[in-house]
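Comments concern the structure below.
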Amino acid sequence: MRPDDNTLTERGLAPLGGTRARILLLACGALAHEVLALKQLNGWDHMDLACLPAKLHLYPEKIPQAVEEAVLRHRAQYDEIFVLYADCGTGGLLAAKCAALGVDMLEGPHCYSFFEGNDIFASRGDAEMTAFYLTDFLVRQFDAFVWRPLGLDRHPELRDTYFGNYRKLVYLSQTSDATLETLARDHARRLRLEYEHRHTGFGDLARELTQKA
Amino acid sequence: MSDEQEDDIILAELDDDELVLQMHDDLYDGLKEEIEEGVNILLERGWTPYKILTEALVAGMKVVGDDFRDGILFVPEVLLAANAMKAGMFILKPLLVETGAPKMGKMVIGTVKGDIHDIGKNLVAMMMEGAGFEIRDLGINNPVEDYIAALEEEKADILGMSALLTTTMPYMKVVIDTMKEKGIRDDYIILVGGAPLNEEFGRAIGADAYCRDAAVAVETAKSFMSRKHNRAAEA
């Protein structure tokens, strides 16, 4: 069953289970749909998925501890745990935590980067400094991750304080979905930013999971 | 702190103590026009600009900062409070120049190259200014050359660098290493801050201190300046 976005944002996802599962993919809730799609596509029945609440991204300093607790809770049931987080604003603390726990994690600074491909993303450098990125999940959960936490629903006058230095919203899509593209374009309009759409597919997420499989 | 009776409060009818407390509440609630009105009333009553700044604005912002640190207030509310304080400071700033105020030191501050995020940096600059520091704000996306040129032009005491991104925060080390190569590193107090930073990172890159928020930045700057003055006095 496809987990719903609100649950993935607020509560995450318990391991799906399965007798053949040897590897636990411990992911950010924002990646659940993409990971499940790759699992199904490739028949990776030996990989199980558990997600931490995606809203942890609103407080990146809490991510390392949440990952540690989940690894310690689940590691006895699996041969290996693969952490599907990039640095995600933890300033290297998540990488240090994963190293101490002896588990691997995704490369890159954040999901925008590994969906586009870390090398490509890095090569854009300062040219993309003024870009604000959304993925499929963030397009669907825009109000929960951007609009409400920044208080723009209550105080639209803060728009310039947050986004005055941004020029464009870049929608990095994982799936081809006209509804999401319309929604992303509308988010750009609400933020008074130019709009750009780039289809990335699953990028380095697919590559790294394939290596692990 | 908001309540329904606030609409009925006439600031000009409050005595000084009540007015200052009310301004703390208004700052907390981000009420820019009320802060401007309060500042003007206190000026008319003969308060010095410095006294208004410290007792009405900075003291009020301290409550905001404490509640932000303790998870009672969140970023949007802090920004509204900051905007209200900024409006009050806008009135006071030219008057402070005329009437004088204690000078704590001079700071050059800016967001590092490749990074356009300035919310935290702006809060630090405002609170430092409120605490009596002169500020040269370089804005966003600053290469090392800009920092060094401004430090030299201003004969500054403190360099403040900010970054929000994991990908841009290493640039702080580029700045500090360049200052070391030029033999000027120890001429300045270097403070760093930004969401993905931590104390360990600050130490690793050779900064004097990592400041987790604007209030800590002010206290840290004051402490370093007082040590600097003590050293100068001993020399």
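Residues are named by chain letter and number: chains run A, B, ... in the order of the structure tokens, numbers start at 1 in each chain, and ligands are numbered from 1 in the order shown.
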For A:Leu150, list every protein, DNA or RNA residue within 9 Å, evaluated using only C-alpha atoms, and leave out those in the same chain fewer than 5 positions away; present the list as a list in words.
-> Phe145, His155, Leu158, Arg159 and Tyr162 of chain A; Phe74, Val75 and Pro76 of chain B
Residue contacts of stretch 194-210 of chain A (8 Å, only C-alpha atoms) excluding same-chain residues fewer than 4 positions away, as number ranges by chain = A: 34, 38, 106, 114-118, 167-176, 181, 185, 188-189
Select residues of chain B: the criterion is any atom within 12 Å of an atom of chain A, counting only C-alpha atoms; output as a PDB file with N, CA and C atoms, in the first residue's frame.
ATOM      1  N   GLY B  30       5.600  41.806  17.485  1.00  0.00           N
ATOM      2  CA  GLY B  30       5.995  42.283  16.157  1.00  0.00           C
ATOM      3  C   GLY B  30       5.194  43.480  15.676  1.00  0.00           C
ATOM      4  N   GLY B  71      12.478  27.474  22.390  1.00  0.00           N
ATOM      5  CA  GLY B  71      11.458  26.805  21.576  1.00  0.00           C
ATOM      6  C   GLY B  71      10.042  27.310  21.799  1.00  0.00           C
ATOM      7  N   LEU B  73       9.111  30.597  20.878  1.00  0.00           N
ATOM      8  CA  LEU B  73       8.862  31.384  19.663  1.00  0.00           C
ATOM      9  C   LEU B  73       9.577  30.732  18.484  1.00  0.00           C
ATOM     10  N   PHE B  74       9.062  30.971  17.289  1.00  0.00           N
ATOM     11  CA  PHE B  74       9.669  30.394  16.091  1.00  0.00           C
ATOM     12  C   PHE B  74      10.121  31.497  15.134  1.00  0.00           C
ATOM     13  N   VAL B  75      10.780  31.075  14.082  1.00  0.00           N
ATOM     14  CA  VAL B  75      11.422  32.042  13.183  1.00  0.00           C
ATOM     15  C   VAL B  75      10.480  33.164  12.713  1.00  0.00           C
ATOM     16  N   PRO B  76       9.265  32.857  12.246  1.00  0.00           N
ATOM     17  CA  PRO B  76       8.432  33.973  11.744  1.00  0.00           C
ATOM     18  C   PRO B  76       8.197  35.047  12.810  1.00  0.00           C
ATOM     19  N   GLU B  77       7.943  34.607  14.035  1.00  0.00           N
ATOM     20  CA  GLU B  77       7.670  35.581  15.102  1.00  0.00           C
ATOM     21  C   GLU B  77       8.929  36.403  15.419  1.00  0.00           C
ATOM     22  N   VAL B  78      10.079  35.743  15.394  1.00  0.00           N
ATOM     23  CA  VAL B  78      11.330  36.467  15.650  1.00  0.00           C
ATOM     24  C   VAL B  78      11.566  37.515  14.557  1.00  0.00           C
ATOM     25  N   LEU B  79      11.261  37.149  13.323  1.00  0.00           N
ATOM     26  CA  LEU B  79      11.473  38.102  12.225  1.00  0.00           C
ATOM     27  C   LEU B  79      10.539  39.303  12.337  1.00  0.00           C
ATOM     28  N   LEU B  80       9.316  39.052  12.756  1.00  0.00           N
ATOM     29  CA  LEU B  80       8.389  40.173  12.925  1.00  0.00           C
ATOM     30  C   LEU B  80       8.870  41.092  14.050  1.00  0.00           C
ATOM     31  N   ALA B  81       9.346  40.479  15.129  1.00  0.00           N
ATOM     32  CA  ALA B  81       9.883  41.281  16.233  1.00  0.00           C
ATOM     33  C   ALA B  81      11.096  42.086  15.759  1.00  0.00           C
ATOM     34  N   ALA B  82      11.950  41.428  14.972  1.00  0.00           N
ATOM     35  CA  ALA B  82      13.147  42.114  14.465  1.00  0.00           C
ATOM     36  C   ALA B  82      12.769  43.276  13.569  1.00  0.00           C
ATOM     37  N   ASN B  83      11.743  43.085  12.737  1.00  0.00           N
ATOM     38  CA  ASN B  83      11.300  44.176  11.869  1.00  0.00           C
ATOM     39  C   ASN B  83      10.792  45.359  12.699  1.00  0.00           C
ATOM     40  N   VAL B 112      28.925  34.186   3.330  1.00  0.00           N
ATOM     41  CA  VAL B 112      30.086  33.783   2.518  1.00  0.00           C
ATOM     42  C   VAL B 112      29.734  33.571   1.038  1.00  0.00           C
ATOM     43  N   LYS B 113      30.757  33.490   0.252  1.00  0.00           N
ATOM     44  CA  LYS B 113      30.641  33.290  -1.197  1.00  0.00           C
ATOM     45  C   LYS B 113      29.774  32.065  -1.503  1.00  0.00           C
ATOM     46  N   GLY B 114      28.904  32.241  -2.496  1.00  0.00           N
ATOM     47  CA  GLY B 114      28.051  31.128  -2.920  1.00  0.00           C
ATOM     48  C   GLY B 114      26.772  30.990  -2.124  1.00  0.00           C
ATOM     49  N   ASP B 115      26.586  31.869  -1.152  1.00  0.00           N
ATOM     50  CA  ASP B 115      25.439  31.730  -0.247  1.00  0.00           C
ATOM     51  C   ASP B 115      24.661  33.044  -0.190  1.00  0.00           C
ATOM     52  N   ILE B 116      23.355  32.934  -0.366  1.00  0.00           N
ATOM     53  CA  ILE B 116      22.527  34.153  -0.403  1.00  0.00           C
ATOM     54  C   ILE B 116      21.670  34.312   0.852  1.00  0.00           C
ATOM     55  N   HIS B 117      21.883  33.449   1.823  1.00  0.00           N
ATOM     56  CA  HIS B 117      20.996  33.450   2.994  1.00  0.00           C
ATOM     57  C   HIS B 117      21.477  34.464   4.027  1.00  0.00           C
ATOM     58  N   ASP B 118      20.584  35.357   4.395  1.00  0.00           N
ATOM     59  CA  ASP B 118      21.043  36.460   5.246  1.00  0.00           C
ATOM     60  C   ASP B 118      20.149  36.728   6.455  1.00  0.00           C
ATOM     61  N   ILE B 119      19.202  35.869   6.707  1.00  0.00           N
ATOM     62  CA  ILE B 119      18.279  36.150   7.817  1.00  0.00           C
ATOM     63  C   ILE B 119      19.031  36.169   9.148  1.00  0.00           C
ATOM     64  N   GLY B 120      19.802  35.126   9.404  1.00  0.00           N
ATOM     65  CA  GLY B 120      20.563  35.058  10.658  1.00  0.00           C
ATOM     66  C   GLY B 120      21.600  36.164  10.734  1.00  0.00           C
ATOM     67  N   LYS B 121      22.266  36.384   9.629  1.00  0.00           N
ATOM     68  CA  LYS B 121      23.298  37.436   9.584  1.00  0.00           C
ATOM     69  C   LYS B 121      22.684  38.803   9.888  1.00  0.00           C
ATOM     70  N   ASN B 122      21.516  39.063   9.319  1.00  0.00           N
ATOM     71  CA  ASN B 122      20.855  40.350   9.563  1.00  0.00           C
ATOM     72  C   ASN B 122      20.447  40.507  11.028  1.00  0.00           C
ATOM     73  N   LEU B 123      19.991  39.414  11.627  1.00  0.00           N
ATOM     74  CA  LEU B 123      19.620  39.479  13.047  1.00  0.00           C
ATOM     75  C   LEU B 123      20.847  39.778  13.911  1.00  0.00           C
ATOM     76  N   GLY B 139      26.600  42.182   3.231  1.00  0.00           N
ATOM     77  CA  GLY B 139      25.532  41.500   2.498  1.00  0.00           C
ATOM     78  C   GLY B 139      25.852  40.035   2.248  1.00  0.00           C
ATOM     79  N   ILE B 140      25.451  39.565   1.066  1.00  0.00           N
ATOM     80  CA  ILE B 140      25.556  38.125   0.756  1.00  0.00           C
ATOM     81  C   ILE B 140      26.679  37.853  -0.238  1.00  0.00           C
ATOM     82  N   ASN B 141      27.017  36.566  -0.381  1.00  0.00           N
ATOM     83  CA  ASN B 141      27.902  36.101  -1.459  1.00  0.00           C
ATOM     84  C   ASN B 141      29.235  36.839  -1.488  1.00  0.00           C
ATOM     85  N   ASN B 142      29.955  36.790  -0.382  1.00  0.00           N
ATOM     86  CA  ASN B 142      31.211  37.555  -0.283  1.00  0.00           C
ATOM     87  C   ASN B 142      32.458  36.704  -0.493  1.00  0.00           C
ATOM     88  N   PRO B 143      33.270  37.071  -1.467  1.00  0.00           N
ATOM     89  CA  PRO B 143      34.569  36.417  -1.605  1.00  0.00           C
ATOM     90  C   PRO B 143      35.540  36.934  -0.550  1.00  0.00           C
ATOM     91  N   ALA B 163      26.838  31.311   7.113  1.00  0.00           N
ATOM     92  CA  ALA B 163      26.519  30.419   5.991  1.00  0.00           C
ATOM     93  C   ALA B 163      25.348  29.539   6.395  1.00  0.00           C
ATOM     94  N   LEU B 164      24.478  29.271   5.442  1.00  0.00           N
ATOM     95  CA  LEU B 164      23.350  28.387   5.750  1.00  0.00           C
ATOM     96  C   LEU B 164      23.522  27.003   5.134  1.00  0.00           C
ATOM     97  N   LEU B 165      24.430  26.893   4.187  1.00  0.00           N
ATOM     98  CA  LEU B 165      24.512  25.637   3.440  1.00  0.00           C
ATOM     99  C   LEU B 165      25.748  24.833   3.819  1.00  0.00           C
ATOM    100  N   THR B 166      25.561  23.521   3.847  1.00  0.00           N
ATOM    101  CA  THR B 166      26.686  22.623   4.066  1.00  0.00           C
ATOM    102  C   THR B 166      27.746  22.812   2.988  1.00  0.00           C
ATOM    103  N   THR B 167      27.282  23.177   1.805  1.00  0.00           N
ATOM    104  CA  THR B 167      28.218  23.331   0.689  1.00  0.00           C
ATOM    105  C   THR B 167      28.991  24.650   0.740  1.00  0.00           C
ATOM    106  N   THR B 168      28.467  25.642   1.443  1.00  0.00           N
ATOM    107  CA  THR B 168      29.162  26.934   1.467  1.00  0.00           C
ATOM    108  C   THR B 168      29.938  27.180   2.760  1.00  0.00           C
ATOM    109  N   MET B 169      29.590  26.464   3.814  1.00  0.00           N
ATOM    110  CA  MET B 169      30.267  26.769   5.083  1.00  0.00           C
ATOM    111  C   MET B 169      31.783  26.531   5.047  1.00  0.00           C
ATOM    112  N   PRO B 170      32.287  25.577   4.225  1.00  0.00           N
ATOM    113  CA  PRO B 170      33.754  25.425   4.194  1.00  0.00           C
ATOM    114  C   PRO B 170      34.486  26.678   3.703  1.00  0.00           C
ATOM    115  N   GLY B 193      28.781  31.719  12.296  1.00  0.00           N
ATOM    116  CA  GLY B 193      27.465  31.211  12.661  1.00  0.00           C
ATOM    117  C   GLY B 193      26.695  30.761  11.433  1.00  0.00           C
ATOM    118  N   GLY B 194      25.573  30.108  11.683  1.00  0.00           N
ATOM    119  CA  GLY B 194      24.733  29.591  10.598  1.00  0.00           C
ATOM    120  C   GLY B 194      24.195  28.224  10.975  1.00  0.00           C
ATOM    121  N   ALA B 195      23.044  27.888  10.429  1.00  0.00           N
ATOM    122  CA  ALA B 195      22.322  26.689  10.877  1.00  0.00           C
ATOM    123  C   ALA B 195      23.141  25.394  10.866  1.00  0.00           C
ATOM    124  N   PRO B 196      23.915  25.090   9.819  1.00  0.00           N
ATOM    125  CA  PRO B 196      24.590  23.782   9.838  1.00  0.00           C
ATOM    126  C   PRO B 196      25.904  23.776  10.617  1.00  0.00           C
ATOM    127  N   LEU B 197      26.299  24.924  11.159  1.00  0.00           N
ATOM    128  CA  LEU B 197      27.583  24.988  11.870  1.00  0.00           C
ATOM    129  C   LEU B 197      27.439  24.471  13.297  1.00  0.00           C
ATOM    130  N   ASN B 198      28.571  24.175  13.893  1.00  0.00           N
ATOM    131  CA  ASN B 198      28.580  23.817  15.311  1.00  0.00           C
ATOM    132  C   ASN B 198      29.944  24.222  15.883  1.00  0.00           C
ATOM    133  N   GLU B 199      30.084  24.055  17.188  1.00  0.00           N
ATOM    134  CA  GLU B 199      31.321  24.491  17.847  1.00  0.00           C
ATOM    135  C   GLU B 199      32.543  23.786  17.279  1.00  0.00           C
ATOM    136  N   GLU B 200      32.376  22.501  17.020  1.00  0.00           N
ATOM    137  CA  GLU B 200      33.503  21.713  16.513  1.00  0.00           C
ATOM    138  C   GLU B 200      33.986  22.267  15.172  1.00  0.00           C
ATOM    139  N   PHE B 201      33.020  22.613  14.309  1.00  0.00           N
ATOM    140  CA  PHE B 201      33.383  23.185  13.013  1.00  0.00           C
ATOM    141  C   PHE B 201      34.110  24.510  13.202  1.00  0.00           C
ATOM    142  N   GLY B 202      33.591  25.339  14.096  1.00  0.00           N
ATOM    143  CA  GLY B 202      34.221  26.635  14.363  1.00  0.00           C
ATOM    144  C   GLY B 202      35.677  26.465  14.790  1.00  0.00           C
ATOM    145  N   ARG B 212      25.722  30.409  18.260  1.00  0.00           N
ATOM    146  CA  ARG B 212      24.531  29.691  17.784  1.00  0.00           C
ATOM    147  C   ARG B 212      23.348  30.625  17.504  1.00  0.00           C
TER     148      ARG B 212
END
Which neighbours of B:Leu57 fall inside 8 Å, counting only C-alpha atoms, when residues of the same chain fewer than 3 positions from it are skipped, and could you give them as a list in words?
-> Met23, His24, Leu27, Ile52, Leu53, Thr54, Gly60, Met61, Met85 and Gly88 of chain B
Could you give me the residues within chain A that DSSP places in alpha helix (DSSP H), as a PyMOL selection string?
-> chain A and resi 5-10+32-42+63-74+93-101+111-116+118-124+136-140+142+159-163+178-191+203-212
Who sits within 8 Å of A:Leu180, only C-alpha atoms, same chain under 5 positions skipped, as a ChimeraX atom specification = /A:136,139-140
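Of note, atom CA of A:Lys97 and atom CA of B:Gly206 are spaced 22.9 Å apart.
Among the residues of chain B, backbone DSSP assigns strand (DSSP E) to Gly105, Lys106, Met107, Val108, Ile109, Gly110, Thr111, Phe133, Glu134, Ile135, Arg136, Asp137, Ile158, Leu159, Gly160, Met161, Ser162, Ile189, Ile190, Leu191, Val192, Gly193, Ala209 and Tyr210 of chain B.
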Those selected residues, please, written with C-alpha atoms and delivered as an mmCIF file, in the first residue's frame.
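Final output, saved to again.cif:
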data_model
loop_
_atom_site.group_PDB
_atom_site.id
_atom_site.type_symbol
_atom_site.label_atom_id
_atom_site.label_comp_id
_atom_site.auth_asym_id
_atom_site.auth_seq_id
_atom_site.Cartn_x
_atom_site.Cartn_y
_atom_site.Cartn_z
ATOM 1 C CA GLY B 105 33.912 48.032 18.709
ATOM 2 C CA LYS B 106 33.572 47.608 14.995
ATOM 3 C CA MET B 107 32.416 44.515 13.129
ATOM 4 C CA VAL B 108 32.514 43.533 9.485
ATOM 5 C CA ILE B 109 29.848 40.949 8.773
ATOM 6 C CA GLY B 110 28.676 39.063 5.688
ATOM 7 C CA THR B 111 27.384 35.818 4.253
ATOM 8 C CA PHE B 133 28.904 47.863 17.906
ATOM 9 C CA GLU B 134 29.476 49.661 14.640
ATOM 10 C CA ILE B 135 28.559 47.397 11.764
ATOM 11 C CA ARG B 136 29.747 47.226 8.180
ATOM 12 C CA ASP B 137 27.360 44.766 6.574
ATOM 13 C CA ILE B 158 35.619 41.644 14.566
ATOM 14 C CA LEU B 159 34.889 39.596 11.473
ATOM 15 C CA GLY B 160 31.521 37.823 11.409
ATOM 16 C CA MET B 161 30.827 35.180 8.767
ATOM 17 C CA SER B 162 27.570 33.387 8.141
ATOM 18 C CA ILE B 189 38.260 38.374 16.417
ATOM 19 C CA ILE B 190 36.541 35.913 14.093
ATOM 20 C CA LEU B 191 33.006 34.793 14.898
ATOM 21 C CA VAL B 192 31.070 32.335 12.730
ATOM 22 C CA GLY B 193 27.465 31.211 12.661
ATOM 23 C CA ALA B 209 34.016 31.211 18.360
ATOM 24 C CA TYR B 210 30.890 29.680 16.900
#
Neighbour list for A:Gly102 as number ranges by chain, cut-off 10 Å, only C-alpha atoms, skip fewer than 4 positions in-chain | A: 71, 80-82, 96-98
With N, CA and C atoms kept, could you save the residues just selected as an mmCIF file, in the first residue's frame?
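Result went into out.cif, see below:
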data_model
loop_
_atom_site.group_PDB
_atom_site.id
_atom_site.type_symbol
_atom_site.label_atom_id
_atom_site.label_comp_id
_atom_site.auth_asym_id
_atom_site.auth_seq_id
_atom_site.Cartn_x
_atom_site.Cartn_y
_atom_site.Cartn_z
ATOM 1 N N VAL A 71 18.593 3.177 13.988
ATOM 2 C CA VAL A 71 19.588 2.131 13.677
ATOM 3 C C VAL A 71 19.688 1.150 14.843
ATOM 4 N N GLU A 80 22.221 -5.588 7.313
ATOM 5 C CA GLU A 80 22.810 -4.279 7.026
ATOM 6 C C GLU A 80 21.737 -3.198 7.051
ATOM 7 N N ILE A 81 22.140 -2.013 7.467
ATOM 8 C CA ILE A 81 21.234 -0.856 7.373
ATOM 9 C C ILE A 81 21.910 0.191 6.495
ATOM 10 N N PHE A 82 21.170 0.686 5.521
ATOM 11 C CA PHE A 82 21.675 1.730 4.631
ATOM 12 C C PHE A 82 20.836 2.986 4.891
ATOM 13 N N ALA A 96 29.236 11.803 10.557
ATOM 14 C CA ALA A 96 30.030 11.342 11.699
ATOM 15 C C ALA A 96 29.260 10.292 12.502
ATOM 16 N N LYS A 97 27.975 10.521 12.658
ATOM 17 C CA LYS A 97 27.142 9.569 13.410
ATOM 18 C C LYS A 97 27.074 8.225 12.687
ATOM 19 N N CYS A 98 26.858 8.263 11.378
ATOM 20 C CA CYS A 98 26.781 7.017 10.609
ATOM 21 C C CYS A 98 28.115 6.271 10.658
#
